[in-house]
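Next comes structure.txt, with compact mmCIF, C-alpha atoms.
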# COMPACT_ATOMS: atom_id res chain seq x y z
CA MET W 964 0.00 0.00 0.00
CA ILE W 965 1.12 3.55 -0.73
CA THR W 966 -0.41 6.93 0.03
CA SER W 967 -0.36 10.37 -1.57
CA ASN W 968 2.25 11.39 1.01
CA ASP W 969 4.51 8.59 -0.24
CA ILE W 970 4.42 10.11 -3.74
CA GLN W 971 5.29 13.57 -2.46
CA ASN W 972 8.05 12.21 -0.19
CA LYS W 973 9.55 10.30 -3.11
CA LEU W 974 9.53 13.44 -5.26
CA LYS W 975 11.38 15.24 -2.47
CA ASP W 976 13.93 12.40 -2.33
CA ILE W 977 14.49 12.73 -6.08
CA ASP W 978 15.20 16.44 -5.69
CA ASP W 979 17.45 15.88 -2.68
CA PHE W 980 19.64 12.92 -3.67
CA LEU W 981 18.03 10.22 -5.87
CA LEU W 982 18.47 12.14 -9.13
CA ASP W 983 22.17 12.66 -8.38
CA GLN W 984 22.51 8.94 -7.70
CA TYR W 985 20.77 8.13 -10.97
CA LYS W 986 23.04 10.46 -12.96
CA ALA W 987 26.13 9.00 -11.31
CA SER W 988 25.11 5.47 -12.35
CA HIS W 989 24.20 6.55 -15.90
CA GLU W 990 27.20 8.50 -17.10
CA GLU W 991 26.94 9.78 -20.67
CA LYS W 992 29.19 8.08 -23.19
CA LYS W 993 31.65 10.34 -24.93
CA GLN W 994 30.75 11.00 -28.54
CA ASP W 995 33.29 9.95 -31.17
CA TRP W 996 32.70 12.91 -33.47
CA ARG W 997 34.76 11.49 -36.31
CA THR W 998 32.64 8.33 -36.34
CA TYR W 999 29.49 10.42 -35.99
CA GLU W 1000 30.34 12.59 -39.01
CA GLU W 1001 31.10 9.53 -41.11
CA GLN W 1002 27.80 7.88 -40.15
CA TYR W 1003 25.92 11.13 -40.74
CA ALA W 1004 27.36 11.42 -44.26
CA VAL W 1005 26.24 7.86 -45.00
CA ARG W 1006 22.73 8.64 -43.74
CA ILE W 1007 22.49 11.72 -45.97
CA LYS W 1008 23.54 9.70 -49.03
CA GLU W 1009 20.99 7.02 -48.16
CA ALA W 1010 18.23 9.62 -47.73
CA MET W 1011 18.97 11.19 -51.11
CA LYS W 1012 19.13 7.76 -52.71
CA GLN W 1013 15.75 6.76 -51.28
CA LEU W 1014 13.97 10.08 -51.87
CA ARG W 1015 12.87 9.72 -55.50
CA PRO W 1016 11.74 6.05 -55.31
CA LEU W 1017 9.77 6.77 -52.13
CA VAL W 1018 8.10 9.86 -53.63
CA ASP W 1019 7.25 7.84 -56.76
CA GLU W 1020 5.58 5.19 -54.61
CA ALA W 1021 3.68 7.80 -52.57
CA VAL W 1022 2.42 9.61 -55.69
CA ASP W 1023 1.55 6.52 -57.76
CA SER W 1024 -1.09 5.43 -55.24
CA ILE W 1025 -3.03 8.70 -55.75
CA LYS W 1026 -5.49 8.83 -58.64
CA ILE W 1027 -6.77 12.31 -59.51
CA TYR W 1028 -9.73 12.93 -61.82
CA ARG W 1029 -9.78 16.50 -63.10
CA GLY W 1030 -12.64 18.34 -64.74
CA GLN W 1031 -12.36 21.28 -67.04
CA GLY W 1032 -10.05 24.08 -66.04
CA ARG W 1033 -6.42 24.96 -65.83
CA LYS W 1034 -4.08 22.12 -64.96
CA PRO W 1035 -1.22 22.61 -62.47
CA GLU W 1036 2.07 23.82 -63.92
CA LEU W 1037 3.96 21.03 -62.14
CA THR W 1038 3.28 17.33 -61.78
CA LEU W 1039 2.43 16.04 -58.31
CA LYS W 1040 5.87 14.44 -58.04
CA GLN W 1041 7.57 17.74 -58.89
CA ARG W 1042 5.45 19.60 -56.36
CA VAL W 1043 6.27 17.13 -53.57
CA LEU W 1044 9.99 17.20 -54.32
CA LEU W 1045 9.98 21.00 -54.55
CA ILE W 1046 8.31 21.55 -51.18
CA LEU W 1047 10.60 19.02 -49.48
CA LEU W 1048 13.72 20.60 -50.96
CA GLN W 1049 12.65 24.10 -49.95
CA ARG W 1050 12.19 22.94 -46.36
CA LEU W 1051 15.59 21.27 -46.45
CA PHE W 1052 17.39 24.33 -47.85
CA LYS W 1053 15.54 26.72 -45.46
CA GLU W 1054 15.20 29.24 -48.29
CA SER W 1055 12.42 31.82 -48.66
CA ASN W 1056 9.86 31.44 -51.44
CA ARG W 1057 11.54 34.14 -53.51
CA MET W 1058 15.02 32.69 -53.06
CA MET W 1059 13.80 29.20 -53.92
CA ALA W 1060 12.13 30.53 -57.07
CA SER W 1061 15.38 32.30 -57.99
CA MET W 1062 17.35 29.09 -57.47
CA LEU W 1063 14.96 27.23 -59.77
CA THR W 1064 15.43 29.94 -62.38
CA ILE W 1065 19.19 29.40 -62.19
CA PHE W 1066 18.82 25.65 -62.55
CA SER W 1067 16.08 25.88 -65.21
CA VAL W 1068 18.81 25.50 -67.83
CA LEU W 1069 19.26 21.91 -66.58
CA THR W 1070 15.79 21.05 -65.28
CA ASP W 1071 13.40 23.00 -67.55
CA LEU W 1072 11.59 23.93 -64.32
CA GLU W 1073 10.75 27.57 -63.53
CA VAL W 1074 7.98 28.77 -61.20
CA SER W 1075 7.11 31.91 -59.24
CA TYR W 1076 7.48 32.30 -55.48
CA LYS W 1077 3.68 32.40 -55.17
CA THR W 1078 3.46 28.96 -56.74
CA ILE W 1079 5.89 27.66 -54.11
CA GLU W 1080 3.86 29.17 -51.26
CA ARG W 1081 0.62 27.62 -52.59
CA LEU W 1082 2.21 24.18 -52.40
CA TYR W 1083 1.85 24.36 -48.61
CA SER W 1084 -1.95 24.38 -48.93
CA ASP W 1085 -2.17 22.00 -51.92
CA GLU W 1086 -4.41 19.08 -50.90
CA GLU W 1087 -2.81 16.74 -53.41
CA VAL W 1088 0.63 17.50 -51.96
CA GLN W 1089 -0.68 16.90 -48.44
CA MET W 1090 -2.07 13.49 -49.48
CA ALA W 1091 1.27 12.54 -51.03
CA LEU W 1092 3.18 13.63 -47.92
CA HIS W 1093 0.91 11.49 -45.76
CA ASN W 1094 1.47 8.48 -48.05
CA LEU W 1095 5.21 9.11 -47.90
CA HIS W 1096 5.14 9.07 -44.10
CA VAL W 1097 3.26 5.76 -43.99
CA ILE W 1098 5.57 4.15 -46.58
CA ILE W 1099 8.72 5.17 -44.69
CA LEU W 1100 7.41 3.70 -41.42
CA LYS W 1101 6.40 0.44 -43.13
CA LYS W 1102 9.78 0.03 -44.84
CA LYS W 1103 11.54 0.54 -41.50
CA GLY W 1104 9.16 -1.92 -39.77
CA VAL W 1105 7.81 0.58 -37.26
CA ASP W 1106 4.72 -1.15 -35.87
CA ASN W 1107 4.69 -2.32 -32.23
CA VAL W 1108 7.00 0.13 -30.50
CA ASP W 1109 8.39 1.58 -27.29
CA ALA W 1110 7.88 5.31 -27.69
CA CYS W 1111 8.32 8.70 -26.11
CA GLY W 1112 6.49 11.94 -26.73
CA ASP W 1113 7.43 15.57 -26.36
CA GLY W 1114 6.41 18.95 -27.68
CA THR W 1115 8.15 22.15 -28.58
CA GLY W 1116 7.33 25.56 -30.00
CA TYR W 1117 8.44 27.16 -33.25
CA SER W 1118 8.62 30.93 -33.17
CA LEU W 1119 6.35 32.83 -35.55
CA SER W 1120 8.48 35.94 -35.09
CA ILE W 1121 12.21 36.34 -34.56
CA SER W 1122 11.64 38.40 -31.40
CA ARG W 1123 10.57 35.36 -29.33
CA HIS W 1124 12.73 32.32 -28.63
CA TYR W 1125 10.86 29.26 -27.36
CA ALA W 1126 13.61 27.69 -25.24
CA SER W 1127 14.32 30.89 -23.28
CA THR W 1128 10.59 31.58 -22.88
CA VAL W 1129 10.03 28.11 -21.41
CA GLN W 1130 12.73 28.80 -18.82
CA LYS W 1131 11.02 32.03 -17.79
CA GLU W 1132 7.35 31.09 -18.00
CA LYS W 1133 7.44 27.26 -17.64
CA ASP W 1134 4.01 25.71 -18.33
CA ALA W 1135 2.53 29.09 -19.31
CA ALA W 1136 4.84 29.07 -22.35
CA LYS W 1137 3.13 25.91 -23.60
CA GLU W 1138 -0.02 27.90 -24.36
CA ASN W 1139 -0.59 31.05 -26.39
CA ILE W 1140 -2.50 32.77 -23.60
CA ASP W 1141 -3.07 36.35 -22.49
CA ASP W 1142 -0.74 36.92 -19.57
CA ASP W 1143 0.91 39.97 -18.07
CA LYS W 1144 4.33 38.77 -19.22
CA SER W 1145 3.46 38.77 -22.93
CA ILE W 1146 0.71 41.39 -23.41
CA LYS W 1147 -0.36 44.14 -21.04
CA ALA W 1148 -4.12 44.34 -21.50
CA LYS W 1149 -4.40 47.92 -20.27
CA THR W 1150 -1.76 49.53 -22.45
CA GLY W 1151 -1.22 47.04 -25.26
CA LYS W 1152 2.52 47.63 -24.95
CA GLY W 1153 4.57 45.03 -26.80
CA ALA W 1154 1.57 43.62 -28.64
CA ARG W 1155 1.72 45.85 -31.72
CA LYS W 1156 3.59 44.31 -34.66
CA GLY W 1157 4.25 45.72 -38.12
CA ARG W 1158 1.79 47.95 -39.93
CA PRO W 1159 -1.80 48.63 -38.80
CA ILE W 1160 -4.56 46.74 -40.60
CA PHE W 1161 -6.34 50.11 -40.95
CA SER W 1162 -6.10 53.72 -39.77
CA VAL W 1163 -9.12 56.07 -39.65
CA ASN W 1164 -10.47 59.24 -38.06
CA GLY W 1165 -13.36 58.96 -35.60
CA ILE W 1166 -14.88 56.09 -33.65
CA GLY W 1167 -17.69 55.71 -36.19
CA SER W 1168 -15.17 54.99 -38.93
CA VAL W 1169 -13.49 52.39 -36.70
CA LYS W 1170 -16.76 50.48 -36.27
CA ARG W 1171 -17.58 50.69 -39.99
CA MET W 1172 -14.14 49.31 -40.88
CA PHE W 1173 -14.61 46.37 -38.52
CA GLU W 1174 -17.96 45.62 -40.21
CA ARG W 1175 -16.44 45.95 -43.68
CA ARG W 1176 -13.75 43.42 -42.73
CA THR W 1177 -16.40 41.12 -41.15
CA ILE W 1178 -14.67 41.33 -37.75
CA ARG W 1179 -17.35 40.90 -35.09
CA PHE W 1180 -17.12 41.97 -31.44
CA GLU W 1181 -19.31 41.73 -28.37
CA ASN W 1182 -20.88 45.08 -27.43
CA GLU W 1183 -18.71 45.33 -24.29
CA GLU W 1184 -15.52 45.15 -26.38
CA LEU W 1185 -16.65 47.89 -28.76
CA GLU W 1186 -17.67 49.99 -25.76
CA LYS W 1187 -14.05 49.87 -24.57
CA VAL W 1188 -13.01 51.52 -27.84
CA SER W 1189 -15.80 54.13 -27.64
CA ILE W 1190 -14.77 55.37 -24.19
CA MET W 1191 -10.98 54.88 -24.43
CA ALA W 1192 -8.67 57.84 -23.82
CA GLU W 1193 -5.50 58.43 -25.78
CA GLY W 1194 -3.11 55.48 -25.67
CA GLU W 1195 -3.51 51.78 -26.46
CA ILE W 1196 -5.87 48.99 -25.42
CA VAL W 1197 -6.29 45.34 -26.44
CA ILE W 1198 -9.74 44.07 -27.50
CA LYS W 1199 -10.92 40.59 -28.54
CA ASP W 1200 -13.35 39.64 -31.29
CA VAL W 1201 -15.94 36.85 -30.90
CA LYS W 1202 -13.32 34.31 -32.05
CA LYS W 1203 -10.97 35.49 -29.25
CA LYS W 1204 -8.53 36.99 -31.73
CA ARG W 1205 -6.88 40.09 -30.27
CA TYR W 1206 -6.39 43.57 -31.72
CA VAL W 1207 -4.49 46.57 -30.43
CA VAL W 1208 -6.32 49.89 -30.83
CA LYS W 1209 -4.13 52.99 -30.59
CA ARG W 1210 -5.76 56.41 -30.27
CA THR W 1211 -4.09 59.77 -30.91
CA GLY W 1212 -6.69 62.52 -30.68
CA GLU W 1213 -9.48 61.35 -32.98
CA TYR W 1214 -7.07 59.27 -35.08
CA TYR W 1215 -7.25 55.48 -34.55
CA GLU W 1216 -4.83 52.77 -35.65
CA VAL W 1217 -5.74 49.08 -35.37
CA TYR W 1218 -3.09 46.34 -35.28
CA PRO W 1219 -3.53 42.54 -35.15
CA VAL W 1220 -1.87 40.71 -32.26
CA LYS W 1221 0.08 37.78 -33.64
CA LYS W 1222 0.55 34.44 -31.93
CA ARG W 1223 3.98 33.96 -30.40
CA PHE W 1224 4.52 30.29 -31.18
CA VAL W 1225 3.15 27.34 -33.06
CA PHE W 1226 3.27 24.20 -30.93
CA SER W 1227 4.33 20.85 -32.33
CA PHE W 1228 4.07 17.48 -30.59
CA LYS W 1229 5.67 14.30 -31.91
CA MET W 1230 5.69 10.68 -30.79
CA THR W 1231 9.03 8.98 -31.43
CA ASP W 1232 9.97 5.31 -31.76
CA LEU W 1233 12.91 4.73 -29.41
CA LYS W 1234 14.48 1.98 -31.54
CA SER W 1235 14.43 3.63 -34.97
CA ARG W 1236 14.35 7.24 -33.67
CA MET W 1237 11.61 7.93 -36.22
CA TYR W 1238 8.58 10.14 -35.64
CA ILE W 1239 5.45 7.99 -35.77
CA ALA W 1240 2.77 10.63 -35.16
CA ARG W 1241 2.61 14.39 -34.98
CA GLY W 1242 0.29 17.35 -34.50
CA ILE W 1243 0.51 21.15 -34.44
CA SER W 1244 -1.57 23.87 -32.80
CA LEU W 1245 -1.58 27.64 -32.63
CA LYS W 1246 -3.34 27.45 -29.23
CA SER W 1247 -1.48 25.07 -26.95
CA GLU W 1248 0.81 22.06 -26.78
CA LYS W 1249 -2.08 20.01 -25.36
CA GLU W 1250 -4.08 20.49 -28.57
CA ALA W 1251 -1.03 19.44 -30.61
CA PHE W 1252 -0.76 16.33 -28.39
CA GLU W 1253 -4.41 15.44 -29.07
CA LYS W 1254 -3.80 15.66 -32.83
CA ALA W 1255 -0.72 13.43 -32.55
CA TYR W 1256 -2.74 10.96 -30.46
CA SER W 1257 -5.48 10.85 -33.12
CA MET W 1258 -2.94 10.41 -35.92
CA ASN W 1259 -1.32 7.48 -34.14
CA ASN W 1260 -4.74 5.82 -33.73
CA ASP W 1261 -5.49 6.35 -37.43
CA LEU W 1262 -2.16 4.78 -38.43
CA GLY W 1263 -2.82 1.82 -36.14
CA ILE W 1264 0.67 1.77 -34.60
CA GLU W 1265 0.63 -0.09 -31.28
CA LEU W 1266 2.51 1.42 -28.36
CA LYS W 1267 4.03 -1.03 -25.89
CA SER W 1268 5.21 1.82 -23.66
CA LEU W 1269 5.19 5.62 -23.73
CA ARG W 1270 7.13 8.29 -21.86
CA LEU W 1271 5.62 11.77 -21.36
CA ASP W 1272 6.91 14.82 -19.50
CA ARG W 1273 5.41 16.26 -16.31
CA TYR W 1274 3.02 18.47 -18.30
CA TYR W 1275 1.02 15.28 -19.04
CA SER W 1276 1.22 13.72 -15.58
CA PHE W 1277 -2.55 13.70 -14.95
CA PRO W 1278 -4.53 10.43 -14.67
CA SER W 1279 -6.56 11.31 -17.77
CA TYR W 1280 -3.45 11.06 -19.97
CA VAL W 1281 -2.42 7.72 -18.45
CA ASP W 1282 -5.92 6.36 -19.10
CA LYS W 1283 -5.87 7.41 -22.76
CA PHE W 1284 -3.34 4.70 -23.63
CA LYS W 1285 -5.05 1.41 -22.81
CA GLY W 1286 -2.71 -1.56 -22.99
CA THR W 1287 0.31 0.78 -22.94
CA THR W 1288 2.71 1.20 -20.03
CA VAL W 1289 2.94 4.94 -19.44
CA TYR W 1290 5.90 6.49 -17.61
CA ILE W 1291 5.39 9.94 -16.08
CA ILE W 1292 6.88 11.93 -13.22
CA PRO W 1293 3.98 13.12 -11.00
CA ARG W 1294 3.57 16.73 -10.00
CA LYS W 1295 4.44 17.84 -6.48
CA ASN W 1296 0.78 18.04 -5.45
CA ALA W 1297 -0.09 14.65 -7.02
CA THR W 1298 -2.50 12.32 -5.20
CA LEU W 1299 -3.71 8.75 -5.75
CA ASN W 1300 -7.07 9.92 -7.06
CA GLY W 1301 -7.58 8.28 -10.43
CA SER W 1302 -8.00 4.95 -12.19
CA TRP W 1303 -6.38 1.68 -11.12
CA LYS W 1304 -3.97 2.01 -14.02
CA TYR W 1305 -2.81 5.38 -12.68
CA LYS W 1306 -2.54 3.94 -9.15
CA ARG W 1307 -0.37 1.05 -10.43
CA THR W 1308 1.85 3.57 -12.24
CA MET W 1309 2.31 5.54 -9.01
CA PHE W 1310 2.99 2.31 -7.06
CA GLU W 1311 5.78 1.45 -9.53
CA PHE W 1312 7.15 4.99 -9.23
CA VAL W 1313 7.34 4.77 -5.41
CA GLU W 1314 8.47 1.15 -4.99
CA ASN W 1315 10.95 0.84 -7.89
CA THR W 1316 12.10 4.43 -8.30
CA MET W 1317 15.54 3.88 -9.87
CA GLY W 1318 14.25 1.38 -12.43
CA TYR W 1319 11.29 3.66 -13.15
CA LEU W 1320 13.59 6.65 -13.72
CA GLY W 1321 15.71 4.53 -16.05
CA GLU W 1322 12.68 3.94 -18.26
CA TYR W 1323 11.30 7.47 -17.95
CA TYR W 1324 14.53 9.20 -18.95
CA ARG W 1325 14.66 7.25 -22.19
CA ARG W 1326 12.41 10.07 -23.40
CA GLU W 1327 15.60 12.12 -23.81
CA CYS W 1328 15.45 10.65 -27.32
CA SER W 1329 12.65 13.14 -28.07
CA GLU W 1330 14.63 16.10 -26.77
CA ASN W 1331 17.65 15.02 -28.81
CA CYS W 1332 15.57 14.67 -31.98
CA TRP W 1333 14.04 18.12 -31.46
CA SER W 1334 17.50 19.60 -30.99
CA VAL W 1335 18.79 18.03 -34.20
CA ASP W 1336 15.74 19.17 -36.18
CA LYS W 1337 15.94 22.76 -35.00
CA ARG W 1338 19.63 23.01 -35.79
CA ARG W 1339 18.96 21.49 -39.20
CA PHE W 1340 15.76 23.34 -40.18
CA GLY W 1341 15.76 26.41 -37.95
CA TRP W 1342 13.90 27.65 -34.86
CA SER W 1343 11.03 29.37 -36.65
CA ILE W 1344 8.43 28.70 -39.35
CA ALA W 1345 7.93 31.32 -42.04
CA GLN W 1346 4.37 30.34 -43.05
CA HIS W 1347 1.42 32.19 -41.48
CA ARG W 1348 -1.73 30.19 -42.30
CA GLU W 1349 -2.32 27.24 -39.97
CA ASP W 1350 -2.69 24.70 -42.80
CA ARG W 1351 0.60 25.86 -44.34
CA ILE W 1352 2.37 25.80 -40.98
CA ASP W 1353 1.15 22.21 -40.57
CA THR W 1354 2.56 21.24 -43.98
CA ALA W 1355 5.93 22.84 -43.18
CA ASP W 1356 6.11 20.88 -39.91
CA PHE W 1357 5.15 17.68 -41.76
CA CYS W 1358 8.05 18.23 -44.19
CA THR W 1359 10.41 18.48 -41.20
CA THR W 1360 9.01 15.18 -39.91
CA LEU W 1361 9.57 13.47 -43.25
CA TRP W 1362 13.15 14.70 -43.60
CA HIS W 1363 13.90 13.57 -40.05
CA ASN W 1364 12.60 10.07 -40.85
CA LEU W 1365 14.43 9.97 -44.18
CA PHE W 1366 17.73 10.78 -42.47
CA GLU W 1367 17.05 8.07 -39.87
CA MET W 1368 16.43 5.38 -42.51
CA GLY W 1369 20.17 4.92 -42.98
CA ARG W 1370 20.88 4.58 -39.24
CA THR W 1371 22.11 1.10 -38.31
Mind turning this structure into structure tokens?
Amino acid sequence: MITSNDIQNKLKDIDDFLLDQYKASHEEKKQDWRTYEEQYAVRIKEAMKQLRPLVDEAVDSIKIYRGQGRKPELTLKQRVLLILLQRLFKESNRMMASMLTIFSVLTDLEVSYKTIERLYSDEEVQMALHNLHVIILKKKGVDNVDACGDGTGYSLSISRHYASTVQKEKDAAKENIDDDKSIKAKTGKGARKGRPIFSVNGIGSVKRMFERRTIRFENEELEKVSIMAEGEIVIKDVKKKRYVVKRTGEYYEVYPVKKRFVFSFKMTDLKSRMYIARGISLKSEKEAFEKAYSMNNDLGIELKSLRLDRYYSFPSYVDKFKGTTVYIIPRKNATLNGSWKYKRTMFEFVENTMGYLGEYYRRECSENCWSVDKRRFGWSIAQHREDRIDTADFCTTLWHNLFEMGRT
């Protein structure tokens, strides 16, 4: 038998001395960088060798019946290769279009930067990318796996860095929420970005412009604008999107408040180091987790075990994965309230702490994979629409798995 106090006492022991004991008995092996570079070069060659055959297989299974109208400039295979290569090179749409112009002498391929941007919302491309993901996992034999899961944030502006924000705000950084640290609701200071979406004279003109742009507000929010003095305030429309209104005399400027981060959550197979399921969200990491959970169910990949960080240490998350051993570190105020599966997890945590920590910290694989991806593809995503952000993140997932195919 254990009690809630036993959980809290064990957490205190981990902070005081158990974690130091664990680290002492699990010293990190020194990396042979020469060997690593040689293996990495082999993996890159293997990824490039496999790319075209895999894309061919992903595209060939899609049958498209077109009616009358203009046909796409590029074949589906060309579009898939183009979007993957742009994500790999980390080039802007304009630069990628310029590069294609340079190489058009050899490839007979020349498109505008707008064509490249539209690829991120092309449904045919998205279908092919999904097929490519499934094919890669099948070829690697990823089916019944021990896994870990972790999330991160990609900056949507260069002024915010996710890693440093997490250190300062902890769990609050995992959600795009209104807090005093990011946006001051009374003054709007720090929320205004770029150019205003419109500038007008008089409060009547402000309301007419909102109607013209089909931006709807509750009466209380519009009343804030009607009675505001000179300065700035933040208001929310009915969809909870925020706007900064700046008043100078009778002159009003209205700015959109942009999200700070897009959150991405990925489940990783510990053996192959491949991503098996993923999800993104502009709202919170939890929503991204739910999308990754749904994707894994749709793919039918069985999880023998799963490791999640403390953000998911509630009984509801343990209960989601029936037939899966879930490893979590409970929060400091954790109790035994929950299902029998959660109680058995806590019993294992208290009675076999060192062995439990050994399994839990295997989730460092996720953190390592995130680190590699961000150094390879950057810390931000340039797309702005949610569907295009999702496609960009999916391309990162595919490149990660392609590079892991050559790992022995």
Using all atoms listed in the file, the residue out of W:Asp1356, W:Glu1265, W:Glu1322, W:Asp1336 with shortest distance to Tyr1290 in chain W is W:Glu1322
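CA of Val1043 in chain W is positioned 22.0 Å from CA of Gly1030 in chain W.
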Quick one: everything within 12 Å of range 1096-1099 of chain W, counting only C-alpha atoms, minus sequence neighbours fewer than 6 positions away in the same chain. Send it as a PDB file with C-alpha atoms, keeping the file's coordinate frame.
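And here is the file that came out, selection-v4.pdb:
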ATOM      1  CA  ALA W1010      18.230   9.620 -47.730  1.00  0.00           C
ATOM      2  CA  GLN W1013      15.750   6.760 -51.280  1.00  0.00           C
ATOM      3  CA  LEU W1014      13.970  10.080 -51.870  1.00  0.00           C
ATOM      4  CA  PRO W1016      11.740   6.050 -55.310  1.00  0.00           C
ATOM      5  CA  LEU W1017       9.770   6.770 -52.130  1.00  0.00           C
ATOM      6  CA  VAL W1018       8.100   9.860 -53.630  1.00  0.00           C
ATOM      7  CA  ASP W1019       7.250   7.840 -56.760  1.00  0.00           C
ATOM      8  CA  GLU W1020       5.580   5.190 -54.610  1.00  0.00           C
ATOM      9  CA  ALA W1021       3.680   7.800 -52.570  1.00  0.00           C
ATOM     10  CA  VAL W1022       2.420   9.610 -55.690  1.00  0.00           C
ATOM     11  CA  SER W1024      -1.090   5.430 -55.240  1.00  0.00           C
ATOM     12  CA  GLN W1089      -0.680  16.900 -48.440  1.00  0.00           C
ATOM     13  CA  MET W1090      -2.070  13.490 -49.480  1.00  0.00           C
ATOM     14  CA  VAL W1105       7.810   0.580 -37.260  1.00  0.00           C
ATOM     15  CA  ASP W1106       4.720  -1.150 -35.870  1.00  0.00           C
ATOM     16  CA  SER W1235      14.430   3.630 -34.970  1.00  0.00           C
ATOM     17  CA  MET W1237      11.610   7.930 -36.220  1.00  0.00           C
ATOM     18  CA  TYR W1238       8.580  10.140 -35.640  1.00  0.00           C
ATOM     19  CA  ILE W1239       5.450   7.990 -35.770  1.00  0.00           C
ATOM     20  CA  ALA W1240       2.770  10.630 -35.160  1.00  0.00           C
ATOM     21  CA  ARG W1241       2.610  14.390 -34.980  1.00  0.00           C
ATOM     22  CA  MET W1258      -2.940  10.410 -35.920  1.00  0.00           C
ATOM     23  CA  ASN W1259      -1.320   7.480 -34.140  1.00  0.00           C
ATOM     24  CA  ASP W1261      -5.490   6.350 -37.430  1.00  0.00           C
ATOM     25  CA  LEU W1262      -2.160   4.780 -38.430  1.00  0.00           C
ATOM     26  CA  GLY W1263      -2.820   1.820 -36.140  1.00  0.00           C
ATOM     27  CA  ILE W1264       0.670   1.770 -34.600  1.00  0.00           C
ATOM     28  CA  PHE W1357       5.150  17.680 -41.760  1.00  0.00           C
ATOM     29  CA  CYS W1358       8.050  18.230 -44.190  1.00  0.00           C
ATOM     30  CA  THR W1359      10.410  18.480 -41.200  1.00  0.00           C
ATOM     31  CA  THR W1360       9.010  15.180 -39.910  1.00  0.00           C
ATOM     32  CA  LEU W1361       9.570  13.470 -43.250  1.00  0.00           C
ATOM     33  CA  TRP W1362      13.150  14.700 -43.600  1.00  0.00           C
ATOM     34  CA  HIS W1363      13.900  13.570 -40.050  1.00  0.00           C
ATOM     35  CA  ASN W1364      12.600  10.070 -40.850  1.00  0.00           C
ATOM     36  CA  LEU W1365      14.430   9.970 -44.180  1.00  0.00           C
ATOM     37  CA  PHE W1366      17.730  10.780 -42.470  1.00  0.00           C
ATOM     38  CA  GLU W1367      17.050   8.070 -39.870  1.00  0.00           C
ATOM     39  CA  MET W1368      16.430   5.380 -42.510  1.00  0.00           C
ATOM     40  CA  GLY W1369      20.170   4.920 -42.980  1.00  0.00           C
TER      41      GLY W1369
END
Which is closest to Gln1049 in chain W among W:Leu1299, W:Ala1345, W:Lys1026, W:Ala1192, if we use all atoms listed in the file?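 For Gln1049 in chain W, the nearest of the candidates is W:Ala1345.
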Just give me the gap between CA of Glu1087 in chain W and CA of Glu1036 in chain W in Å, one decimal is fine. 13.6 Å
Just checking: using all atoms listed in the file, which residue out of W:Ile1196, W:Phe1340, W:Gly1114, W:Asp1353 ends up closest to Glu1054 in chain W?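 Of W:Ile1196, W:Phe1340, W:Gly1114, W:Asp1353, the one nearest Glu1054 in chain W, counting all atoms listed in the file, is W:Phe1340.
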Out of W:Lys1077, W:Arg1326, W:Arg1339, W:Arg1351, which residue has the shortest atom-to-atom distance to Asp1109 in chain W when counting all atoms listed in the file?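 That would be W:Arg1326, the residue with the smallest distance to Asp1109 in chain W.
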